Amino acid sequence: MSRHKISFKVNGLRYEVEVEANKTLLQLIRDDLGLTGTKVACERGDCGLCTVLLDGMPVKSCLVLAVEVDGHEVTTVEGISGEELNAVQKAFIKHGAVQCGFCTPAFIVTATALLKRNPEPTEEEVKEAIDGVLCRCTGYRQIIDAILDAAKEK
C-alpha cells in the first residue's frame with residue numbers, strides 16, 4: 001500500500017504525518033491522534049456518529065480518506081470549545097439531550113457548525129442539519145430543543 005505525507009490542522013494544531021492511501025480520516029483521528037471523541041460505529045456513512053468539521057463543514061469522517069485532508073483544517077468535538085462549554089454543549093445538558101451519550105459528539109459538532117453559518121435557524125433547518133446523525137435514545141425532541149435554545153444564547 002502506498003503512503004502519502006500530509007500536512008493539516010486538527011483543533012488548531014498542525015500535524016504532518018504519513019498515511020496509507022486507504023486510511024480514513026476517522027482512523028487517523030482516533031488511532032493516530034488519540035482523539036476518541038469522534039465515535040466509530042457503522043463505518044459506512046449511515047449513522048453520522050463519526051461527524052467532524054472539515055474546513056467548518058460537517059463530514060462523516062469514515063467516508064473521507066486521510067489524504068484528502070492535506071492542507072485543510074479538521075475540528076473534532078475536543079476542539080469545539082475552550083476551557084468552558086459552548087452554548088450548544090450547555091443547552092444539551094440543560095435539555096437532557098444526552099442519554100447514552102454515544103451520538104452526542106456528532107450532534108454537538110453538527111449543531112455548532114449550523115449555528116455558526118445560521119445563528120437563528122428554524123426548527124425545520126435544525127432538523128435538516130442533524131438529519132445525517134442517528135440517535136437511538138432521545139427521540140430527537142431534546143436535541144432539537146437544545147439546538148434552538150443554544151441559538152437564543154448566541
# chains A, B, ... in the order shown; residues from 1 in each chain; ligands from 1
call {"tool": "closest_atom_pairs", "arguments": {"of": "range 101-126 of chain A", "to": "range 61-80 of chain A", "cutoff": "10 Å", "atoms": "only C-alpha atoms", "output": "JSON lines"}}
result
{"residue": "A:Thr104", "atom": "CA", "partner": "A:Val77", "partner_atom": "CA", "distance": 9.2}
{"residue": "A:Pro105", "atom": "CA", "partner": "A:Val77", "partner_atom": "CA", "distance": 5.6}
{"residue": "A:Ala106", "atom": "CA", "partner": "A:Val77", "partner_atom": "CA", "distance": 7.5}
{"residue": "A:Phe107", "atom": "CA", "partner": "A:Val77", "partner_atom": "CA", "distance": 9.3}
{"residue": "A:Ile108", "atom": "CA", "partner": "A:Val77", "partner_atom": "CA", "distance": 7.0}
{"residue": "A:Val109", "atom": "CA", "partner": "A:Val77", "partner_atom": "CA", "distance": 5.8}
{"residue": "A:Thr110", "atom": "CA", "partner": "A:Val77", "partner_atom": "CA", "distance": 9.6}
{"residue": "A:Thr112", "atom": "CA", "partner": "A:Ile80", "partner_atom": "CA", "distance": 7.7}
{"residue": "A:Ala113", "atom": "CA", "partner": "A:Ile80", "partner_atom": "CA", "distance": 9.6}
call {"tool": "write_last_selection", "arguments": {"atoms": "C-alpha atoms", "output": "mmCIF file, in the first residue's frame"}}
result
data_model
loop_
_atom_site.group_PDB
_atom_site.id
_atom_site.type_symbol
_atom_site.label_atom_id
_atom_site.label_comp_id
_atom_site.auth_asym_id
_atom_site.auth_seq_id
_atom_site.Cartn_x
_atom_site.Cartn_y
_atom_site.Cartn_z
ATOM 1 C CA THR A 104 -23.591 13.446 21.422
ATOM 2 C CA PRO A 105 -20.199 14.418 19.936
ATOM 3 C CA ALA A 106 -21.586 14.249 16.398
ATOM 4 C CA PHE A 107 -24.634 16.323 17.320
ATOM 5 C CA ILE A 108 -22.506 18.906 19.148
ATOM 6 C CA VAL A 109 -20.169 19.266 16.154
ATOM 7 C CA THR A 110 -23.050 19.416 13.664
ATOM 8 C CA THR A 112 -22.060 24.146 16.333
ATOM 9 C CA ALA A 113 -21.420 24.320 12.573
#
call {"tool": "residues_around", "arguments": {"residues": "Arg117 in chain A", "least_positions_apart": "4", "cutoff": "12 Å", "atoms": "only C-alpha atoms", "output": "CSV table (one decimal) with N, CA and C atoms, in the first residue's frame"}}
result
chain,number,residue,atom,x,y,z
A,56,GLY,N,-14.8,23.7,8.5
A,56,GLY,CA,-16.0,24.3,9.1
A,56,GLY,C,-17.3,23.6,8.7
A,57,MET,N,-17.2,22.6,7.8
A,57,MET,CA,-18.4,21.9,7.3
A,57,MET,C,-18.5,20.5,7.9
A,58,PRO,N,-19.7,20.0,8.4
A,58,PRO,CA,-19.8,18.7,8.9
A,58,PRO,C,-19.5,17.6,7.8
A,110,THR,N,-22.1,19.0,14.7
A,110,THR,CA,-23.1,19.4,13.7
A,110,THR,C,-23.8,20.7,14.0
A,111,ALA,N,-24.3,20.7,15.3
A,111,ALA,CA,-25.1,21.9,15.7
A,111,ALA,C,-24.2,23.2,15.8
A,112,THR,N,-23.0,23.0,16.2
A,112,THR,CA,-22.1,24.1,16.3
A,112,THR,C,-21.8,24.7,14.9
A,113,ALA,N,-21.6,23.9,14.0
A,113,ALA,CA,-21.4,24.3,12.6
A,113,ALA,C,-22.7,25.0,12.0
A,121,PRO,N,-31.6,29.5,13.3
A,121,PRO,CA,-32.3,28.5,12.5
A,121,PRO,C,-33.7,28.3,12.9
A,125,GLU,N,-34.9,23.9,9.8
A,125,GLU,CA,-33.5,24.0,9.5
A,125,GLU,C,-32.6,23.2,10.4
A,126,VAL,N,-33.0,23.1,11.7
A,126,VAL,CA,-32.3,22.3,12.7
A,126,VAL,C,-32.4,20.8,12.3
A,129,ALA,N,-30.3,20.0,9.3
A,129,ALA,CA,-28.9,20.0,9.7
A,129,ALA,C,-28.5,18.7,10.4
A,151,ALA,N,-29.2,28.6,20.1
A,151,ALA,CA,-29.3,29.7,19.1
A,151,ALA,C,-29.7,31.0,19.8
call {"tool": "residues_around", "arguments": {"residues": "Val40 in chain A", "least_positions_apart": "2", "cutoff": "7 Å", "atoms": "only C-alpha atoms", "output": "list in words"}}
result
Thr38, Cys42, Glu43, Leu49 and Cys50 of chain A
call {"tool": "write_last_selection", "arguments": {"atoms": "N, CA and C atoms", "output": "mmCIF file, in the first residue's frame"}}
result
data_model
loop_
_atom_site.group_PDB
_atom_site.id
_atom_site.type_symbol
_atom_site.label_atom_id
_atom_site.label_comp_id
_atom_site.auth_asym_id
_atom_site.auth_seq_id
_atom_site.Cartn_x
_atom_site.Cartn_y
_atom_site.Cartn_z
ATOM 1 N N THR A 38 -14.573 11.398 18.622
ATOM 2 C CA THR A 38 -15.191 11.017 17.359
ATOM 3 C C THR A 38 -15.437 9.512 17.422
ATOM 4 N N CYS A 42 -20.919 2.646 12.338
ATOM 5 C CA CYS A 42 -21.222 1.833 11.150
ATOM 6 C C CYS A 42 -20.056 1.759 10.156
ATOM 7 N N GLU A 43 -19.228 2.767 10.117
ATOM 8 C CA GLU A 43 -18.100 2.890 9.176
ATOM 9 C C GLU A 43 -18.538 2.788 7.711
ATOM 10 N N LEU A 49 -22.219 9.157 13.275
ATOM 11 C CA LEU A 49 -21.623 9.307 14.607
ATOM 12 C C LEU A 49 -20.152 9.713 14.563
ATOM 13 N N CYS A 50 -19.546 9.616 13.409
ATOM 14 C CA CYS A 50 -18.136 9.992 13.252
ATOM 15 C C CYS A 50 -17.979 11.405 12.692
#
call {"tool": "residues_around", "arguments": {"residues": "Glu18 in chain A", "least_positions_apart": "5", "cutoff": "8 Å", "atoms": "only C-alpha atoms", "output": "ChimeraX atom specification"}}
result
/A:3-6
call {"tool": "write_last_selection", "arguments": {"atoms": "N, CA and C atoms", "output": "mmCIF file, in the first residue's frame"}}
result
data_model
loop_
_atom_site.group_PDB
_atom_site.id
_atom_site.type_symbol
_atom_site.label_atom_id
_atom_site.label_comp_id
_atom_site.auth_asym_id
_atom_site.auth_seq_id
_atom_site.Cartn_x
_atom_site.Cartn_y
_atom_site.Cartn_z
ATOM 1 N N ARG A 3 2.089 5.071 0.643
ATOM 2 C CA ARG A 3 1.991 6.002 1.770
ATOM 3 C C ARG A 3 2.154 7.415 1.237
ATOM 4 N N HIS A 4 1.474 8.348 1.895
ATOM 5 C CA HIS A 4 1.494 9.746 1.471
ATOM 6 C C HIS A 4 1.749 10.637 2.676
ATOM 7 N N LYS A 5 2.584 11.634 2.496
ATOM 8 C CA LYS A 5 2.833 12.608 3.554
ATOM 9 C C LYS A 5 1.799 13.719 3.420
ATOM 10 N N ILE A 6 1.122 14.010 4.527
ATOM 11 C CA ILE A 6 0.114 15.064 4.517
ATOM 12 C C ILE A 6 0.377 16.035 5.666
#
call {"tool": "select_by_dssp", "arguments": {"residues": "range 14-111 of chain A", "states": "alpha helix (DSSP H)", "output": "PyMOL selection string"}}
result
chain A and resi 25-27+87-94+104-111
call {"tool": "closest_residue", "arguments": {"among": "A:Ala150, A:Arg44, A:Arg14, A:Val52", "to": "Arg30 in chain A", "atoms": "only C-alpha atoms"}}
result
A:Val52
call {"tool": "decode", "arguments": {"residues": "range 5-78 of chain A", "atoms": "C-alpha atoms", "output": "mmCIF file, in the first residue's frame"}}
result
data_model
loop_
_atom_site.group_PDB
_atom_site.id
_atom_site.type_symbol
_atom_site.label_atom_id
_atom_site.label_comp_id
_atom_site.auth_asym_id
_atom_site.auth_seq_id
_atom_site.Cartn_x
_atom_site.Cartn_y
_atom_site.Cartn_z
ATOM 1 C CA LYS A 5 2.833 12.608 3.554
ATOM 2 C CA ILE A 6 0.114 15.064 4.517
ATOM 3 C CA SER A 7 0.025 18.301 6.483
ATOM 4 C CA PHE A 8 -3.173 19.537 8.111
ATOM 5 C CA LYS A 9 -4.595 21.095 11.265
ATOM 6 C CA VAL A 10 -6.726 19.377 13.877
ATOM 7 C CA ASN A 11 -8.303 21.564 16.536
ATOM 8 C CA GLY A 12 -5.836 24.331 15.697
ATOM 9 C CA LEU A 13 -2.693 22.188 15.913
ATOM 10 C CA ARG A 14 -0.625 21.449 12.809
ATOM 11 C CA TYR A 15 0.237 17.826 12.048
ATOM 12 C CA GLU A 16 2.485 16.295 9.442
ATOM 13 C CA VAL A 17 2.054 12.564 9.112
ATOM 14 C CA GLU A 18 2.486 9.754 6.648
ATOM 15 C CA VAL A 19 -0.673 7.804 5.927
ATOM 16 C CA GLU A 20 -1.581 4.795 3.875
ATOM 17 C CA ALA A 21 -3.696 5.616 0.836
ATOM 18 C CA ASN A 22 -6.724 3.732 2.197
ATOM 19 C CA LYS A 23 -6.704 5.140 5.762
ATOM 20 C CA THR A 24 -9.829 7.087 6.660
ATOM 21 C CA LEU A 25 -9.926 10.370 8.491
ATOM 22 C CA LEU A 26 -11.772 8.542 11.281
ATOM 23 C CA GLN A 27 -8.890 6.096 11.694
ATOM 24 C CA LEU A 28 -6.347 8.915 11.608
ATOM 25 C CA ILE A 29 -8.194 10.950 14.243
ATOM 26 C CA ARG A 30 -8.760 8.094 16.661
ATOM 27 C CA ASP A 31 -5.869 5.688 16.093
ATOM 28 C CA ASP A 32 -3.023 8.042 15.241
ATOM 29 C CA LEU A 33 -4.006 11.227 17.081
ATOM 30 C CA GLY A 34 -5.798 9.598 20.029
ATOM 31 C CA LEU A 35 -8.860 11.842 19.783
ATOM 32 C CA THR A 36 -11.573 9.406 20.789
ATOM 33 C CA GLY A 37 -14.491 11.839 20.993
ATOM 34 C CA THR A 38 -15.191 11.017 17.359
ATOM 35 C CA LYS A 39 -17.064 7.724 17.505
ATOM 36 C CA VAL A 40 -16.689 4.548 15.442
ATOM 37 C CA ALA A 41 -20.000 2.948 14.567
ATOM 38 C CA CYS A 42 -21.222 1.833 11.150
ATOM 39 C CA GLU A 43 -18.100 2.890 9.176
ATOM 40 C CA ARG A 44 -20.330 3.190 6.069
ATOM 41 C CA GLY A 45 -21.614 6.745 6.420
ATOM 42 C CA ASP A 46 -25.074 5.659 7.510
ATOM 43 C CA CYS A 47 -25.138 6.787 11.153
ATOM 44 C CA GLY A 48 -23.132 10.031 11.185
ATOM 45 C CA LEU A 49 -21.623 9.307 14.607
ATOM 46 C CA CYS A 50 -18.136 9.992 13.252
ATOM 47 C CA THR A 51 -19.025 13.545 12.154
ATOM 48 C CA VAL A 52 -16.265 16.147 12.353
ATOM 49 C CA LEU A 53 -15.842 19.546 10.742
ATOM 50 C CA LEU A 54 -13.669 19.800 7.646
ATOM 51 C CA ASP A 55 -12.960 23.462 6.977
ATOM 52 C CA GLY A 56 -16.022 24.256 9.080
ATOM 53 C CA MET A 57 -18.448 21.907 7.331
ATOM 54 C CA PRO A 58 -19.763 18.661 8.871
ATOM 55 C CA VAL A 59 -18.454 15.497 7.200
ATOM 56 C CA LYS A 60 -18.648 11.834 8.073
ATOM 57 C CA SER A 61 -15.017 11.049 8.792
ATOM 58 C CA CYS A 62 -15.443 7.372 7.919
ATOM 59 C CA LEU A 63 -16.099 8.422 4.308
ATOM 60 C CA VAL A 64 -13.159 10.835 3.977
ATOM 61 C CA LEU A 65 -9.735 9.484 3.165
ATOM 62 C CA ALA A 66 -6.969 10.889 5.326
ATOM 63 C CA VAL A 67 -5.041 12.004 2.224
ATOM 64 C CA GLU A 68 -7.981 14.283 1.368
ATOM 65 C CA VAL A 69 -7.370 16.497 4.418
ATOM 66 C CA ASP A 70 -3.921 17.562 3.222
ATOM 67 C CA GLY A 71 -3.839 21.350 3.550
ATOM 68 C CA HIS A 72 -7.181 21.510 5.360
ATOM 69 C CA GLU A 73 -8.439 22.044 8.894
ATOM 70 C CA VAL A 74 -10.352 19.464 10.920
ATOM 71 C CA THR A 75 -12.290 20.184 14.109
ATOM 72 C CA THR A 76 -13.366 17.335 16.363
ATOM 73 C CA VAL A 77 -15.621 17.562 19.397
ATOM 74 C CA GLU A 78 -12.479 18.049 21.508
#
